[in-house]
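A short write-up of the structure that comes next.
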Amino acid sequence: MTSTSHRPGRAWLITPGLRDDRFAGAQESGAAVAVVDIEDSVAPADKQIARTACEAFFTLPDPPCTLGIRMNSLTTLDGIKDLAALAAYTDRPDLVVVPKVESPRDIDIVAAALDTDGYTPDIWALIESPRAFDTLSAITRAPRLGGVIFGSADYAASVHCGLGWDALHYARSALVNAATAANIPAIDAPTWELDNPDALRRDAERAKELGFHGKGCVHPRHVEVINDVFTPSAEELAQARAVIAAADAGGGTVTSVNGQMRGTPFFNAARALVAEADRTT
């Protein structure tokens, strides 16, 4: 399965694996993807409890969104135990997020452990280390990879840089470029300021402008802002349709729309925007 046919949407909400009281709320938050976490949000001593508890996340009836799980790194014993536990779940996730990915082999291992004739979960890679960026082209071309997610906190810690937009601009751009070349979507990291909606909106707008398909979040109140930013506005769609109309009227030759020169790249972008909007409405 690749994301050319399955592109889960804009807001990705991450919820701790030991907080079963939040499971239903996460699924009903309006996020397109709800991910239960057994990596960073769970202390080492509680990993086994979380593995068992998280199966309940996938048994709730009629989930309104894609359900995923973030496992532990495959370079740890907990990651190997996670795969064994996931393979034994009766109700299993639609999507598996693999952290600390640094090789396409990581994706192959998860697929080999979990794939069956009736079950092939979408597998997404968290890209969060300098070494991952060194092998990014190979990772993004892994046959079973559904998409990539930027892990800003781990990356910034690794290179000893800040979490500000300028400090991480190169990494974000490189990730979007590699993902686009491989025809898979990229999801931006969460905004870590929980009570600053202006910062969240600013970050989401920048991520959209760079080419990210959506953005992660760690609190349900961030979902609405992310959905609003990444959903094409009526004005954007009207402009795109005007560009398409001008292209059709001119037979695809260079033209002008509202005083701006428009040619083939603009025509293609406008058609892609309208096509995606039509798919999600």
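Please note that chains go A, B, ... in the order of the structure tokens, that every chain numbers its residues from 1, and that ligands are numbered from 1 in the order shown.
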With only C-alpha atoms counted and 10 Å as the cut-off, give the residues of range 136-243 of chain A in contact with range 33-51 of chain A, each with its shortest interatomic distance in Å and the pair that gives it, as CSV.
```
residue,atom,partner,partner_atom,distance
A:Gly216,CA,A:Val33,CA,9.1
A:Cys217,CA,A:Ala34,CA,9.8
A:Val218,CA,A:Val35,CA,9.9
```
Export of prior selection with C-alpha atoms as a CSV table (one decimal), in the first residue's frame:
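Output file part28.csv is given in full below:
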```csv
chain,number,residue,atom,x,y,z
A,216,GLY,CA,0.7,16.8,13.9
A,217,CYS,CA,-0.6,18.0,17.2
A,218,VAL,CA,-0.6,17.0,20.9
```
Check range 6-114 of chain A with DSSP on the backbone and list each residue it calls strand (DSSP E or B), as an MDAnalysis selection string. chainID A and resid 11:16 33:37 66:70 95:98
Give the answer as one residue: which of A:Ile244, A:Ala112, A:Cys54, A:Leu175 has the shortest atom-to-atom distance to Arg92 in chain A, using only C-alpha atoms?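 So, comparing all the options, the nearest one is A:Cys54.
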Quick one: residues within 8 Å of range 207-212 of chain A, only C-alpha atoms counted, chain neighbours fewer than 4 positions away excluded, as a ChimeraX atom specification? /A:172-173,176,185-188,203,229-230
Could you dump the residues just selected with N, CA and C atoms as a PDB file, in the first residue's frame?
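out-v3.pdb written:
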```pdb
ATOM      1  N   ARG A 172      12.959  20.829   7.177  1.00  0.00           N
ATOM      2  CA  ARG A 172      11.586  20.723   6.676  1.00  0.00           C
ATOM      3  C   ARG A 172      11.564  20.730   5.144  1.00  0.00           C
ATOM      4  N   SER A 173      12.321  21.617   4.545  1.00  0.00           N
ATOM      5  CA  SER A 173      12.347  21.712   3.079  1.00  0.00           C
ATOM      6  C   SER A 173      12.895  20.436   2.461  1.00  0.00           C
ATOM      7  N   VAL A 176      10.195  17.645   2.660  1.00  0.00           N
ATOM      8  CA  VAL A 176       9.121  17.819   1.675  1.00  0.00           C
ATOM      9  C   VAL A 176       9.625  17.488   0.273  1.00  0.00           C
ATOM     10  N   PRO A 185       3.172  11.727   0.870  1.00  0.00           N
ATOM     11  CA  PRO A 185       2.928  12.965   1.614  1.00  0.00           C
ATOM     12  C   PRO A 185       3.856  13.106   2.813  1.00  0.00           C
ATOM     13  N   ALA A 186       4.037  14.333   3.252  1.00  0.00           N
ATOM     14  CA  ALA A 186       4.824  14.648   4.449  1.00  0.00           C
ATOM     15  C   ALA A 186       3.945  15.408   5.431  1.00  0.00           C
ATOM     16  N   ILE A 187       4.074  15.059   6.710  1.00  0.00           N
ATOM     17  CA  ILE A 187       3.321  15.699   7.785  1.00  0.00           C
ATOM     18  C   ILE A 187       4.294  16.440   8.685  1.00  0.00           C
ATOM     19  N   ASP A 188       3.978  17.680   9.013  1.00  0.00           N
ATOM     20  CA  ASP A 188       4.863  18.490   9.845  1.00  0.00           C
ATOM     21  C   ASP A 188       4.739  18.107  11.318  1.00  0.00           C
ATOM     22  N   ASP A 203       2.640  28.612  12.343  1.00  0.00           N
ATOM     23  CA  ASP A 203       3.418  27.424  11.976  1.00  0.00           C
ATOM     24  C   ASP A 203       2.698  26.585  10.924  1.00  0.00           C
ATOM     25  N   VAL A 229      -6.410  25.715   8.367  1.00  0.00           N
ATOM     26  CA  VAL A 229      -5.295  26.191   7.553  1.00  0.00           C
ATOM     27  C   VAL A 229      -5.083  25.302   6.326  1.00  0.00           C
ATOM     28  N   PHE A 230      -5.142  23.989   6.517  1.00  0.00           N
ATOM     29  CA  PHE A 230      -4.805  23.085   5.420  1.00  0.00           C
ATOM     30  C   PHE A 230      -5.980  22.790   4.487  1.00  0.00           C
TER      31      PHE A 230
END
```
If you count only C-alpha atoms, which residues fall within 12 Å of Glu193 in chain A, apart from same-chain ones fewer than 2 positions away, as JSON, numbers by chain? {"A": [163, 164, 190, 191, 195, 196, 197, 198, 199, 200, 201, 202, 203, 217, 218, 219, 221, 222]}
Would you write out those residues with C-alpha atoms, as an mmCIF file, in the first residue's frame?
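Once written, part01.cif looks like this:
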```cif
data_model
loop_
_atom_site.group_PDB
_atom_site.id
_atom_site.type_symbol
_atom_site.label_atom_id
_atom_site.label_comp_id
_atom_site.auth_asym_id
_atom_site.auth_seq_id
_atom_site.Cartn_x
_atom_site.Cartn_y
_atom_site.Cartn_z
ATOM 1 C CA LEU A 163 13.057 24.665 17.617
ATOM 2 C CA GLY A 164 12.323 27.925 15.818
ATOM 3 C CA PRO A 190 3.446 19.555 16.215
ATOM 4 C CA THR A 191 3.660 23.079 17.536
ATOM 5 C CA ASP A 195 -1.726 27.794 24.642
ATOM 6 C CA ASN A 196 -0.635 30.004 21.746
ATOM 7 C CA PRO A 197 -3.140 29.676 18.882
ATOM 8 C CA ASP A 198 -1.430 32.464 16.937
ATOM 9 C CA ALA A 199 1.865 30.556 16.940
ATOM 10 C CA LEU A 200 0.042 27.392 15.910
ATOM 11 C CA ARG A 201 -1.675 29.102 12.990
ATOM 12 C CA ARG A 202 1.559 30.753 11.897
ATOM 13 C CA ASP A 203 3.418 27.424 11.976
ATOM 14 C CA CYS A 217 -0.649 18.031 17.249
ATOM 15 C CA VAL A 218 -0.590 16.958 20.870
ATOM 16 C CA HIS A 219 -3.791 18.616 22.063
ATOM 17 C CA ARG A 221 -7.820 22.093 20.634
ATOM 18 C CA HIS A 222 -5.117 22.373 17.944
#
```
Check the smallest atom-to-atom distance from each of A:Ala245, A:Ala53, A:Ala32, A:Ala189 to Asp20 in chain A using only C-alpha atoms, then report the winner. A:Ala53
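CA of Asp91 in chain A is found 5.6 Å from CA of Phe58 in chain A.
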Proximity check range 149-175 of chain A to range 130-139 of chain A, 8 Å, nearest pairs one decimal Å, only C-alpha atoms, as a tab-separated table:
```
residue	atom	partner	partner_atom	distance
A:Tyr155	CA	A:Pro130	CA	6.9
A:Ser158	CA	A:Pro130	CA	7.3
A:Val159	CA	A:Pro130	CA	7.3
A:Ala171	CA	A:Phe133	CA	7.8
A:Ala174	CA	A:Phe133	CA	7.9
A:Leu175	CA	A:Leu136	CA	7.6
```
Go ahead and save the picked residues with N, CA, C and O atoms, as a compact mmCIF listing (two decimals), in the first residue's frame.
```
# COMPACT_ATOMS: atom_id res chain seq x y z
N TYR A 155 15.13 15.92 16.29
CA TYR A 155 16.11 16.43 15.34
C TYR A 155 16.86 17.63 15.94
O TYR A 155 18.10 17.70 15.87
N SER A 158 19.33 16.55 18.45
CA SER A 158 20.49 15.88 17.85
C SER A 158 21.52 16.87 17.32
O SER A 158 22.73 16.66 17.46
N VAL A 159 21.04 17.93 16.68
CA VAL A 159 21.98 18.88 16.06
C VAL A 159 22.25 20.10 16.95
O VAL A 159 22.98 21.00 16.57
N ALA A 171 15.70 21.42 7.26
CA ALA A 171 15.22 20.04 7.45
C ALA A 171 13.82 19.88 6.90
O ALA A 171 13.51 18.88 6.23
N ALA A 174 13.97 19.90 3.05
CA ALA A 174 14.56 18.67 2.53
C ALA A 174 13.57 17.51 2.61
O ALA A 174 13.48 16.68 1.70
N LEU A 175 12.82 17.45 3.70
CA LEU A 175 11.87 16.36 3.87
C LEU A 175 10.74 16.45 2.84
O LEU A 175 10.36 15.44 2.23
```
How many Å separate CA of Val274 in chain A from CA of Gly9 in chain A? 15.6 Å
I need the residue nearest Lys100 in chain A from this list: A:Gly151, A:Gly25, A:Pro143, A:Gly251. Use only C-alpha atoms for the distance.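 Comparing A:Gly151, A:Gly25, A:Pro143, A:Gly251 against Lys100 in chain A, the winner is A:Gly151.
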Distance of CA of Ile184 in chain A from CA of Pro220 in chain A, expressed in Å to one decimal place: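 Distance reported for this atom pair: 25.7 Å.
Residues lying within 12 Å of Arg141 in chain A, counting only C-alpha atoms and ignoring same-chain neighbours fewer than 2 positions away, are Thr2, Ser3, Ser103, Pro104, Arg105, Ile107, Asp108, Trp124, Ala125, Thr135, Leu136, Ser137, Ala138, Ile139, Pro143, Arg144, Leu145, Gly146, Gly147, Val148, Ala178, Ala179, Thr180, Ala181, Ala182, Asn183 and Ile184 of chain A.
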For range 76-88 of chain A: contacts at 7 Å, only C-alpha atoms, fewer than 3 positions along chain excluded, given as number ranges by chain: A: 51, 71-73, 92, 113-114
Could you pull out the residues in range 83-245 of chain A that DSSP calls helix (DSSP H, G or I) from the backbone, as a ChimeraX atom specification? /A:83-88,104-114,130-134,136-140,152-159,169-181,197-210,220-230,234-245
Quick one: everything within 12 Å of Asp21 in chain A, counting only C-alpha atoms, minus sequence neighbours fewer than 5 positions away in the same chain. Send it as a list in words. Thr15, Pro16, Ala26, Gln27, Ala53, Cys54, Ala56 and Phe57 of chain A
